[in-house]
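start12.pdb, holding PDB, C-alpha atoms:
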```pdb
ATOM      1  CA  MET A   1     125.052 135.963 104.303
ATOM      2  CA  MET A   2     122.172 136.782 101.951
ATOM      3  CA  ILE A   3     123.916 134.866  99.142
ATOM      4  CA  VAL A   4     124.167 131.784 101.351
ATOM      5  CA  LYS A   5     120.500 132.035 102.295
ATOM      6  CA  ALA A   6     119.435 132.519  98.694
ATOM      7  CA  PHE A   7     121.530 129.556  97.534
ATOM      8  CA  GLY A   8     119.994 127.394 100.254
ATOM      9  CA  ALA A   9     116.553 128.507  99.135
ATOM     10  CA  VAL A  10     117.258 127.583  95.515
ATOM     11  CA  LEU A  11     118.462 124.132  96.521
ATOM     12  CA  LEU A  12     115.468 123.539  98.752
ATOM     13  CA  VAL A  13     112.997 124.636  96.090
ATOM     14  CA  LEU A  14     114.705 122.338  93.579
ATOM     15  CA  ALA A  15     114.445 119.507  96.072
ATOM     16  CA  VAL A  16     110.744 120.197  96.497
ATOM     17  CA  LEU A  17     110.142 120.259  92.755
ATOM     18  CA  SER A  18     112.131 117.096  92.170
ATOM     19  CA  GLY A  19     110.448 115.289  95.031
ATOM     20  CA  CYS A  20     106.905 116.256  94.093
ATOM     21  CA  THR A  21     104.707 113.550  92.650
ATOM     22  CA  SER A  22     102.731 116.405  91.099
ATOM     23  CA  VAL A  23     104.478 119.726  90.783
ATOM     24  CA  LYS A  24     101.506 121.607  89.392
ATOM     25  CA  PRO A  25      98.940 122.218  92.146
ATOM     26  CA  THR A  26      95.544 120.622  91.776
ATOM     27  CA  ALA A  27      92.259 122.115  92.827
ATOM     28  CA  SER A  28      91.751 119.769  95.746
ATOM     29  CA  ALA A  29      93.604 117.881  98.405
ATOM     30  CA  PRO A  30      95.209 114.744  96.911
ATOM     31  CA  GLN A  31      93.585 112.348  99.375
ATOM     32  CA  ASP A  32      90.144 113.818  98.808
ATOM     33  CA  GLY A  33      90.081 113.186  95.067
ATOM     34  CA  GLN A  34      90.140 115.550  92.142
ATOM     35  CA  ILE A  35      87.620 118.370  92.046
ATOM     36  CA  GLU A  36      86.050 119.030  88.659
ATOM     37  CA  ILE A  37      87.170 122.606  87.986
ATOM     38  CA  ALA A  38      84.172 123.527  85.834
ATOM     39  CA  SER A  39      81.762 122.511  88.586
ATOM     40  CA  ILE A  40      83.192 124.806  91.266
ATOM     41  CA  ASP A  41      81.081 127.723  92.436
ATOM     42  CA  VAL A  42      83.814 130.185  93.443
ATOM     43  CA  SER A  43      81.549 132.305  95.627
ATOM     44  CA  ALA A  44      80.428 129.194  97.490
ATOM     45  CA  LEU A  45      84.065 128.087  97.782
ATOM     46  CA  GLN A  46      85.037 131.447  99.273
ATOM     47  CA  ALA A  47      82.105 131.325 101.681
ATOM     48  CA  ALA A  48      83.064 127.820 102.822
ATOM     49  CA  ALA A  49      86.691 128.881 103.266
ATOM     50  CA  ASN A  50      85.617 131.846 105.382
ATOM     51  CA  GLN A  51      83.565 129.475 107.530
ATOM     52  CA  GLY A  52      86.620 127.311 108.220
ATOM     53  CA  ASP A  53      86.171 124.494 105.690
ATOM     54  CA  LEU A  54      89.728 123.163 105.246
ATOM     55  CA  ASP A  55      89.118 121.602 101.828
ATOM     56  CA  ALA A  56      87.776 124.935 100.604
ATOM     57  CA  GLN A  57      90.691 126.864 102.090
ATOM     58  CA  PHE A  58      93.181 124.581 100.379
ATOM     59  CA  ALA A  59      91.384 124.720  97.024
ATOM     60  CA  LEU A  60      91.162 128.505  97.247
ATOM     61  CA  ALA A  61      94.880 128.758  98.050
ATOM     62  CA  GLN A  62      95.769 126.651  95.020
ATOM     63  CA  ALA A  63      93.484 128.699  92.787
ATOM     64  CA  TYR A  64      95.144 131.941  93.890
ATOM     65  CA  GLU A  65      98.616 130.415  93.577
ATOM     66  CA  VAL A  66      98.247 129.727  89.856
ATOM     67  CA  GLY A  67      95.431 132.118  88.893
ATOM     68  CA  ASN A  68      92.735 129.498  88.407
ATOM     69  CA  LEU A  69      88.915 129.366  88.692
ATOM     70  CA  GLY A  70      88.693 132.886  87.271
ATOM     71  CA  LEU A  71      90.615 134.279  90.254
ATOM     72  CA  PRO A  72      93.701 136.455  89.772
ATOM     73  CA  LEU A  73      97.143 135.078  90.518
ATOM     74  CA  ASP A  74      97.737 136.386  94.041
ATOM     75  CA  GLN A  75     100.589 134.875  96.075
ATOM     76  CA  ASP A  76      99.653 136.852  99.203
ATOM     77  CA  LYS A  77      96.161 135.360  99.227
ATOM     78  CA  ALA A  78      97.537 131.908  98.402
ATOM     79  CA  PHE A  79      99.892 132.176 101.366
ATOM     80  CA  HIS A  80      97.042 133.335 103.588
ATOM     81  CA  TRP A  81      94.748 130.434 102.750
ATOM     82  CA  TYR A  82      97.488 127.804 102.834
ATOM     83  CA  GLY A  83      98.396 129.149 106.254
ATOM     84  CA  LYS A  84      94.843 128.972 107.550
ATOM     85  CA  ALA A  85      94.534 125.329 106.518
ATOM     86  CA  ALA A  86      98.086 124.420 107.563
ATOM     87  CA  HIS A  87      97.700 125.829 111.065
ATOM     88  CA  ALA A  88      94.471 123.855 111.407
ATOM     89  CA  GLY A  89      96.383 120.647 110.646
ATOM     90  CA  TYR A  90      95.527 120.109 106.967
ATOM     91  CA  VAL A  91      98.525 118.097 105.806
ATOM     92  CA  PRO A  92      98.690 118.981 102.071
ATOM     93  CA  ALA A  93      98.430 122.659 103.007
ATOM     94  CA  GLN A  94     101.351 122.256 105.401
ATOM     95  CA  PHE A  95     103.547 121.085 102.534
ATOM     96  CA  PHE A  96     102.508 123.905 100.181
ATOM     97  CA  TYR A  97     102.780 126.454 103.007
ATOM     98  CA  GLY A  98     106.364 125.287 103.482
ATOM     99  CA  ALA A  99     106.993 125.680  99.764
ATOM    100  CA  MET A 100     105.769 129.276  99.914
ATOM    101  CA  HIS A 101     108.267 129.983 102.705
ATOM    102  CA  ALA A 102     111.063 128.362 100.688
ATOM    103  CA  SER A 103     110.388 130.376  97.553
ATOM    104  CA  SER A 104     109.499 133.756  99.150
ATOM    105  CA  ARG A 105     106.026 133.782  97.625
ATOM    106  CA  GLY A 106     103.567 135.735  99.731
ATOM    107  CA  THR A 107     106.134 135.953 102.534
ATOM    108  CA  PRO A 108     109.816 136.805 102.989
ATOM    109  CA  LEU A 109     112.281 133.980 102.420
ATOM    110  CA  ASP A 110     112.274 131.692 105.452
ATOM    111  CA  ILE A 111     114.134 128.398 105.024
ATOM    112  CA  PRO A 112     113.852 127.323 108.683
ATOM    113  CA  GLY A 113     110.126 128.022 108.453
ATOM    114  CA  ALA A 114     109.880 126.013 105.251
ATOM    115  CA  ILE A 115     111.585 123.038 106.850
ATOM    116  CA  ARG A 116     109.379 123.299 109.932
ATOM    117  CA  TRP A 117     106.256 122.960 107.769
ATOM    118  CA  TYR A 118     107.767 120.272 105.543
ATOM    119  CA  ARG A 119     108.539 118.292 108.673
ATOM    120  CA  LYS A 120     104.950 118.545 109.902
ATOM    121  CA  ALA A 121     103.743 117.124 106.593
ATOM    122  CA  ALA A 122     106.536 114.550 106.344
ATOM    123  CA  GLU A 123     105.866 113.221 109.836
ATOM    124  CA  GLN A 124     102.340 112.458 108.641
ATOM    125  CA  ASN A 125     103.792 110.703 105.578
ATOM    126  CA  TYR A 126     102.753 113.284 102.993
ATOM    127  CA  PRO A 127     104.753 111.939 100.010
ATOM    128  CA  ASP A 128     105.991 115.215  98.531
ATOM    129  CA  ALA A 129     107.430 116.368 101.856
ATOM    130  CA  LEU A 130     109.698 113.354 102.379
ATOM    131  CA  TYR A 131     112.370 114.051  99.769
ATOM    132  CA  PRO A 132     112.906 117.699 100.817
ATOM    133  CA  MET A 133     113.564 116.547 104.389
ATOM    134  CA  GLY A 134     116.281 114.181 103.192
ATOM    135  CA  TYR A 135     117.751 116.945 101.067
ATOM    136  CA  ALA A 136     117.699 119.435 103.944
ATOM    137  CA  TYR A 137     119.533 117.011 106.252
ATOM    138  CA  GLU A 138     122.053 116.098 103.552
ATOM    139  CA  LEU A 139     123.049 119.729 103.001
ATOM    140  CA  GLY A 140     122.336 121.138 106.458
ATOM    141  CA  LEU A 141     119.764 123.677 105.247
ATOM    142  CA  GLY A 142     117.684 125.993 107.402
ATOM    143  CA  GLY A 143     119.771 125.649 110.524
ATOM    144  CA  LEU A 144     119.771 121.847 110.484
ATOM    145  CA  THR A 145     123.023 120.060 111.237
ATOM    146  CA  VAL A 146     124.199 117.814 108.410
ATOM    147  CA  ASP A 147     122.995 114.379 109.450
ATOM    148  CA  TRP A 148     123.584 111.476 107.070
ATOM    149  CA  SER A 149     121.459 109.043 109.045
ATOM    150  CA  GLN A 150     118.480 111.409 108.916
ATOM    151  CA  ALA A 151     119.094 112.146 105.229
ATOM    152  CA  LEU A 152     119.126 108.428 104.481
ATOM    153  CA  TYR A 153     116.020 107.871 106.607
ATOM    154  CA  TRP A 154     113.970 110.467 104.721
ATOM    155  CA  TYR A 155     115.302 109.470 101.305
ATOM    156  CA  GLN A 156     114.342 105.883 102.028
ATOM    157  CA  LYS A 157     110.837 106.922 103.119
ATOM    158  CA  SER A 158     110.565 108.995  99.949
ATOM    159  CA  ALA A 159     111.640 106.005  97.866
ATOM    160  CA  ASP A 160     109.108 103.825  99.655
ATOM    161  CA  ALA A 161     106.486 106.403  98.634
ATOM    162  CA  GLY A 162     107.540 106.105  94.990
ATOM    163  CA  SER A 163     109.771 109.142  94.412
ATOM    164  CA  VAL A 164     111.899 108.659  91.294
ATOM    165  CA  PHE A 165     114.399 111.217  92.547
ATOM    166  CA  ALA A 166     114.764 109.314  95.790
ATOM    167  CA  TYR A 167     115.465 106.177  93.748
ATOM    168  CA  GLN A 168     118.190 108.080  91.901
ATOM    169  CA  ARG A 169     119.703 109.516  95.052
ATOM    170  CA  LEU A 170     119.788 106.127  96.765
ATOM    171  CA  ALA A 171     121.256 104.444  93.687
ATOM    172  CA  LYS A 172     124.102 106.956  93.765
ATOM    173  CA  ALA A 173     124.517 106.583  97.525
ATOM    174  CA  TYR A 174     124.771 102.792  97.360
ATOM    175  CA  ARG A 175     127.071 102.920  94.342
ATOM    176  CA  ASN A 176     129.484 105.388  95.961
ATOM    177  CA  GLY A 177     129.123 104.359  99.588
ATOM    178  CA  GLU A 178     127.627 107.665 100.729
ATOM    179  CA  PHE A 179     125.826 108.390 104.021
ATOM    180  CA  GLY A 180     128.010 105.785 105.701
ATOM    181  CA  LEU A 181     126.664 102.988 103.512
ATOM    182  CA  THR A 182     128.860 100.140 102.362
ATOM    183  CA  PRO A 183     129.119 100.310  98.557
ATOM    184  CA  ASP A 184     126.545  97.903  97.169
ATOM    185  CA  GLU A 185     126.219  97.697  93.379
ATOM    186  CA  ALA A 186     123.304  95.265  93.612
ATOM    187  CA  GLN A 187     121.271  97.788  95.611
ATOM    188  CA  ALA A 188     122.341 100.571  93.267
ATOM    189  CA  LEU A 189     121.155  98.573  90.273
ATOM    190  CA  LEU A 190     117.859  97.865  92.011
ATOM    191  CA  PHE A 191     117.206 101.578  92.432
ATOM    192  CA  ASP A 192     118.380 102.206  88.860
ATOM    193  CA  ALA A 193     115.791  99.685  87.692
ATOM    194  CA  LYS A 194     113.057 101.381  89.717
ATOM    195  CA  THR A 195     114.017 104.704  88.143
ATOM    196  CA  LYS A 196     113.847 103.258  84.620
ATOM    197  CA  LEU A 197     110.560 101.547  85.348
ATOM    198  CA  ASN A 198     109.015 104.826  86.422
ATOM    199  CA  ARG A 199     110.687 107.193  83.956
ATOM    200  CA  GLY A 200     111.314 105.112  80.831
ATOM    201  CA  GLU A 201     114.623 103.788  79.585
ATOM    202  CA  GLU A 202     116.616 106.992  80.022
ATOM    203  CA  LEU A 203     117.684 108.056  83.488
ATOM    204  CA  VAL A 204     116.863 111.689  84.205
ATOM    205  CA  SER A 205     119.487 114.016  85.664
ATOM    206  CA  MET A 206     119.691 114.742  89.357
ATOM    207  CA  PRO A 207     118.563 118.265  90.275
ATOM    208  CA  VAL A 208     121.103 121.081  90.329
ATOM    209  CA  GLY A 209     122.889 121.222  93.659
ATOM    210  CA  GLN A 210     122.757 117.485  94.186
ATOM    211  CA  GLN A 211     125.572 116.624  91.802
ATOM    212  CA  LYS A 212     128.571 115.389  93.743
TER     213      LYS A 212
END
```
Turn the structure described in the file into structure tokens.
Amino acid sequence: MMIVKAFGAVLLVLAVLSGCTSVKPTASAPQDGQIEIASIDVSALQAAANQGDLDAQFALAQAYEVGNLGLPLDQDKAFHWYGKAAHAGYVPAQFFYGAMHASSRGTPLDIPGAIRWYRKAAEQNYPDALYPMGYAYELGLGGLTVDWSQALYWYQKSADAGSVFAYQRLAKAYRNGEFGLTPDEAQALLFDAKTKLNRGEELVSMPVGQQK
């Protein structure tokens, strides 16, 4: 049972990494613009986070996650601050909080919990959360029932948001007639072209676990 759970976790983490528009965390919430790292007063950031400032909580979580801003790498504190912001409805934090659950950083492995937080972010159209939802429905991870229509729905939303890996997955699906689709080489070629446009002339490999 533990092997199955661990395998599911690996697949879900790979899906997250492949679906991310930016795998490496930044110091600020994507929609709020980039914070200039050198200009951050860490003591002021910590004070703001303690007072409930969601931007500060998120920035502090990311700093602890990677050991930035002169703070030590501390996954427990990263999990804590992501959780504070996520529970308060801060969408980027909900995605990263889910990723912590999926990778057992700062918390025991919890795939259903990861998917619950990914869904919260995905339902508010946070781009990086869309692909993992498609992946989870395709493979039936975290207690979800395999659901091709839901997998296709989330992959399409991810593609609409510009995910190269969603382009690749949909190209393969249209080419092979997966998810109940009628094989459609024209659609497959369209998604191939989008992949090449965004990743250069060479198509990158699908993530491990998604090879069919």
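The spacing separating atom CA of A:Gly89 from atom CA of A:Gln57 amounts to 12.0 Å.
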Near-stretch 105-109 of chain A list (10 Å; only C-alpha atoms; drop same-chain fewer than 3 positions) as a list in words:
Lys5, Ala6, Ala9, Glu65, Asp74, Gln75, Asp76, Lys77, Ala78, Phe79, His80, Tyr97, Ala99, Met100, His101, Ala102, Pro112, Gly113 and Ala114 of chain A
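The coordinates place atom CA of A:Asp160 at 26.8 Å from atom CA of A:Asp55.
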So the first atom is atom CA of A:Tyr153 and the second is atom CA of A:Ala171; what is the distance between them in Å, to one decimal place?
14.4 Å
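If you apply the PyMOL selection byres ((chain A and resi 146-148) around 12) to this structure, you end up with Met133, Gly134, Tyr135, Ala136, Tyr137, Glu138, Leu139, Gly140, Leu141, Gly142, Gly143, Leu144, Thr145, Ser149, Gln150, Ala151, Leu152, Tyr153, Trp154, Tyr155, Gln156, Ala173, Gly177, Glu178, Phe179, Gly180 and Leu181 of chain A.
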Would you pick out the contacts of stretch 188-194 of chain A at 9 Å or less, using only C-alpha atoms, so that residues sharing its chain but fewer than 3 positions from it are not included, and give the list as a ChimeraX atom specification?
/A:159,162,164,166-175,183-185,197-199,203
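Candidate residues A:Lys84, A:Lys157, A:Lys196, A:Arg119 were compared for distance to A:Asn50, and the nearest is A:Lys84, using only C-alpha atoms.
Once the PyMOL selection byres ((chain A and resi 125) around 12) is applied to the depicted file, the selected set reads A:Val91, A:Pro92, A:Gln94, A:Phe95, A:Tyr118, A:Arg119, A:Lys120, A:Ala121, A:Ala122, A:Glu123, A:Gln124, A:Tyr126, A:Pro127, A:Asp128, A:Ala129, A:Leu130, A:Tyr131, A:Met133, A:Trp154, A:Lys157, A:Ser158, A:Ala159, A:Asp160, A:Ala161.
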I need the chosen residues saved as an mmCIF file, in the frame of the given file, with C-alpha atoms.
```cif
data_model
loop_
_atom_site.group_PDB
_atom_site.id
_atom_site.type_symbol
_atom_site.label_atom_id
_atom_site.label_comp_id
_atom_site.auth_asym_id
_atom_site.auth_seq_id
_atom_site.Cartn_x
_atom_site.Cartn_y
_atom_site.Cartn_z
ATOM 1 C CA VAL A 91 98.525 118.097 105.806
ATOM 2 C CA PRO A 92 98.690 118.981 102.071
ATOM 3 C CA GLN A 94 101.351 122.256 105.401
ATOM 4 C CA PHE A 95 103.547 121.085 102.534
ATOM 5 C CA TYR A 118 107.767 120.272 105.543
ATOM 6 C CA ARG A 119 108.539 118.292 108.673
ATOM 7 C CA LYS A 120 104.950 118.545 109.902
ATOM 8 C CA ALA A 121 103.743 117.124 106.593
ATOM 9 C CA ALA A 122 106.536 114.550 106.344
ATOM 10 C CA GLU A 123 105.866 113.221 109.836
ATOM 11 C CA GLN A 124 102.340 112.458 108.641
ATOM 12 C CA TYR A 126 102.753 113.284 102.993
ATOM 13 C CA PRO A 127 104.753 111.939 100.010
ATOM 14 C CA ASP A 128 105.991 115.215 98.531
ATOM 15 C CA ALA A 129 107.430 116.368 101.856
ATOM 16 C CA LEU A 130 109.698 113.354 102.379
ATOM 17 C CA TYR A 131 112.370 114.051 99.769
ATOM 18 C CA MET A 133 113.564 116.547 104.389
ATOM 19 C CA TRP A 154 113.970 110.467 104.721
ATOM 20 C CA LYS A 157 110.837 106.922 103.119
ATOM 21 C CA SER A 158 110.565 108.995 99.949
ATOM 22 C CA ALA A 159 111.640 106.005 97.866
ATOM 23 C CA ASP A 160 109.108 103.825 99.655
ATOM 24 C CA ALA A 161 106.486 106.403 98.634
#
```
Which residues come within 7 Å of A:Ala93, counting all atoms listed in the file, excluding same-chain residues fewer than 5 positions away, as a PyMOL selection string?
chain A and resi 58+82+85-86
